[in-house]
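Quick notes on the structure that follows.
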Amino acid sequence: MRAGGIVRDQEKAGDTRDVDRERRAALRHFLRSRRARLSPGDVGLTAGGRRNTPGLRREEVAVLAGVSASWYTWLEQGRAIKVSQDVLDSVSKALNLDRTERAHLYLLAGVNPPAASQEVTPEEVSRLRLAVEAWQPAPAFVVDRYWNVLVSNAPARTVLGVQEGDCNYLWSFFTDARSRSRYPHWLDVAGRLVGQFRVQAVRFLDDPRFELMAGRLCSASADFERLWARHETRDTGMATVEVRSAPGRRTAFHHVVLGLHQRSEPLLMLYMPVPE
């Protein structure tokens with residue numbers, strides 16, 4: 001092996017150790033800060049004795065989480081211990097972590113966060129609507145994990161045919177004959193959508209609705225069935241899409257897909273006209 005390769009390998013190993021050390025330091029700081037913001041009364045405990053520092057004691061968090069005080073101390077110190085999802089869930093509940101904080105704890109502990117089970121709240125939909133409406137005159141819309149349309153602006157409805165109210169974007173795309181006339185390169189768009197849906201389904205393997213959706217779409221559309229059988233995956237970043245925006249007129253858009261929550265739920269679809 002050449003000397004340059006050895007140096008690169010050593011640098012790579014050093015980078016890995018640095019990243020791991022930074023992650024453990026962040027875990028220590030995060031757990032201490034979440035513990036410090038709580039009082040015994042916040043979690044149903046009786047405060048006993050004088051406290052030199054604010055917040056819960058490590059022993060109290062351990063009791064609430066159902067783990068030993070030593071184990072929780074090791075976790076908070078960022079030691080190299082084996083951590084399970086069940087224990088992280090217990091610690092999250094003990095520290096009153098919200099959905100974002102819980103996912104953050106998982107990542108700091110080196111564990112993939114579980115699939116989010118909460119549906120998008122009406123407050124979140126209202127905020128998303130503001131962003132989608134502000135995107136005009138270009139099309140924009142939002143879908144949930146199952147690609148049900150939550151919000152769409154007027155250009156999305158008129159140019160792309162994306163309707164709100166009990167509308168599934170994938171179902172409409174593959175079962176509405178108007179979608180074929182709307183996209184000059186319909187098959188290319190169809191392949192990309194199926195590949196993106198495949199990626200989304202794998203992110204939520206514990207959710208049986210994806211398999212049911214795929215089965216229904218295969219029964220309703222021979223094109224979807226054929227594309228689904230290929231088992232191809234596609235990036236959800238950006239692609240160029242051509243649309244018949246008016247009779248005799250074609251408009252090219254950069255289609256950008258943004259995941260708004262952990263593990264990409266919901267998805268914000270933005271269309272930016274390509275300069276002519």
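By order of appearance in the structure tokens: chains A, B, ..., then residues from 1 within every chain, and ligands from 1 in the order shown.
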
Surrounding residues of segment 202-216 of chain A excluding itself and chain neighbours under 2 positions, 8 Å, only C-alpha atoms, as a PyMOL selection string: chain A and resi 115+146+198-200+218-220+228+263

How close does segment 40-61 of chain A get to segment 82-95 of chain A? List, as a tab-separated table, each residue of segment 40-61 of chain A within 12 Å, its nearest atom pair and the distance in Å to one decimal, counting only C-alpha atoms.
```
residue	atom	partner	partner_atom	distance
A:Pro40	CA	A:Leu95	CA	11.0
A:Asp42	CA	A:Leu95	CA	9.7
A:Val43	CA	A:Ala94	CA	7.6
A:Gly44	CA	A:Ala94	CA	10.6
A:Leu45	CA	A:Ala94	CA	11.4
A:Gly55	CA	A:Leu95	CA	10.5
A:Leu56	CA	A:Leu95	CA	9.1
A:Arg57	CA	A:Leu95	CA	11.3
A:Arg58	CA	A:Leu95	CA	10.8
A:Glu59	CA	A:Ala94	CA	11.5
A:Glu60	CA	A:Ala94	CA	9.0
A:Val61	CA	A:Ala94	CA	6.1
```

Residues near segment 164-169 of chain A, anyone? I mean within 9 Å using only C-alpha atoms, not counting same-chain ones fewer than 2 positions away, as a PDB file with N, CA and C atoms, in the first residue's frame.
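Result written to around-v4.pdb:
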```
ATOM      1  N   VAL A 143     -48.087  16.900   0.585  1.00  0.00           N
ATOM      2  CA  VAL A 143     -48.721  15.592   0.753  1.00  0.00           C
ATOM      3  C   VAL A 143     -48.238  14.983   2.069  1.00  0.00           C
ATOM      4  N   TYR A 146     -48.652   9.209   2.974  1.00  0.00           N
ATOM      5  CA  TYR A 146     -49.342   8.356   2.009  1.00  0.00           C
ATOM      6  C   TYR A 146     -49.613   9.082   0.696  1.00  0.00           C
ATOM      7  N   TRP A 147     -49.101  10.289   0.563  1.00  0.00           N
ATOM      8  CA  TRP A 147     -49.276  11.138  -0.610  1.00  0.00           C
ATOM      9  C   TRP A 147     -50.699  11.653  -0.753  1.00  0.00           C
ATOM     10  N   ASN A 148     -51.440  11.711   0.351  1.00  0.00           N
ATOM     11  CA  ASN A 148     -52.718  12.417   0.348  1.00  0.00           C
ATOM     12  C   ASN A 148     -52.441  13.911   0.335  1.00  0.00           C
ATOM     13  N   VAL A 149     -53.148  14.649  -0.492  1.00  0.00           N
ATOM     14  CA  VAL A 149     -52.898  16.079  -0.630  1.00  0.00           C
ATOM     15  C   VAL A 149     -53.471  16.820   0.580  1.00  0.00           C
ATOM     16  N   LEU A 150     -52.611  17.534   1.285  1.00  0.00           N
ATOM     17  CA  LEU A 150     -53.033  18.320   2.437  1.00  0.00           C
ATOM     18  C   LEU A 150     -53.332  19.759   2.057  1.00  0.00           C
ATOM     19  N   VAL A 151     -52.477  20.329   1.218  1.00  0.00           N
ATOM     20  CA  VAL A 151     -52.590  21.737   0.822  1.00  0.00           C
ATOM     21  C   VAL A 151     -52.117  21.865  -0.612  1.00  0.00           C
ATOM     22  N   SER A 152     -52.796  22.706  -1.407  1.00  0.00           N
ATOM     23  CA  SER A 152     -52.323  23.024  -2.754  1.00  0.00           C
ATOM     24  C   SER A 152     -52.705  24.463  -3.072  1.00  0.00           C
ATOM     25  N   ARG A 157     -53.449  23.438  -8.685  1.00  0.00           N
ATOM     26  CA  ARG A 157     -54.747  22.863  -9.056  1.00  0.00           C
ATOM     27  C   ARG A 157     -55.025  23.015 -10.546  1.00  0.00           C
ATOM     28  N   VAL A 162     -53.698  19.095  -9.119  1.00  0.00           N
ATOM     29  CA  VAL A 162     -53.585  18.614  -7.740  1.00  0.00           C
ATOM     30  C   VAL A 162     -54.686  19.254  -6.910  1.00  0.00           C
ATOM     31  N   TRP A 171     -52.758   8.245  -6.646  1.00  0.00           N
ATOM     32  CA  TRP A 171     -53.944   7.619  -7.216  1.00  0.00           C
ATOM     33  C   TRP A 171     -54.460   8.429  -8.406  1.00  0.00           C
ATOM     34  N   SER A 172     -54.514   9.748  -8.249  1.00  0.00           N
ATOM     35  CA  SER A 172     -54.986  10.592  -9.343  1.00  0.00           C
ATOM     36  C   SER A 172     -54.053  10.528 -10.541  1.00  0.00           C
ATOM     37  N   PHE A 173     -52.745  10.512 -10.265  1.00  0.00           N
ATOM     38  CA  PHE A 173     -51.784  10.509 -11.362  1.00  0.00           C
ATOM     39  C   PHE A 173     -51.931   9.259 -12.220  1.00  0.00           C
ATOM     40  N   PHE A 174     -52.149   8.111 -11.582  1.00  0.00           N
ATOM     41  CA  PHE A 174     -52.179   6.857 -12.331  1.00  0.00           C
ATOM     42  C   PHE A 174     -53.573   6.444 -12.794  1.00  0.00           C
TER      43      PHE A 174
END
```

Please provide as a short mmCIF file (atom, residue, chain, number, x, y, z; two decimals) with C-alpha atoms, in the first residue's frame all residues within 7 Å of Ala252 of chain A, with the sequence filter that same-chain residues fewer than 4 positions apart are discarded (counting only C-alpha atoms).
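The result, written out as part.cif:
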```
data_model
loop_
_atom_site.label_atom_id
_atom_site.label_comp_id
_atom_site.auth_asym_id
_atom_site.auth_seq_id
_atom_site.Cartn_x
_atom_site.Cartn_y
_atom_site.Cartn_z
CA THR A 240 -37.01 18.70 -14.25
CA VAL A 241 -40.62 18.16 -15.32
CA GLU A 242 -42.33 19.41 -18.48
CA VAL A 243 -46.04 20.25 -18.27
CA PRO A 273 -40.16 27.56 -13.75
CA VAL A 274 -37.03 26.86 -15.76
#
```

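The interatomic distance for the pair atom CA of His29 of chain A and atom CA of Gly259 of chain A works out to 27.1 Å.
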
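For the residues A:Leu160, A:Arg234, A:Ala177, A:Val125, ranking by smallest atom-to-atom distance to Val194 of chain A using only C-alpha atoms places A:Arg234 first.
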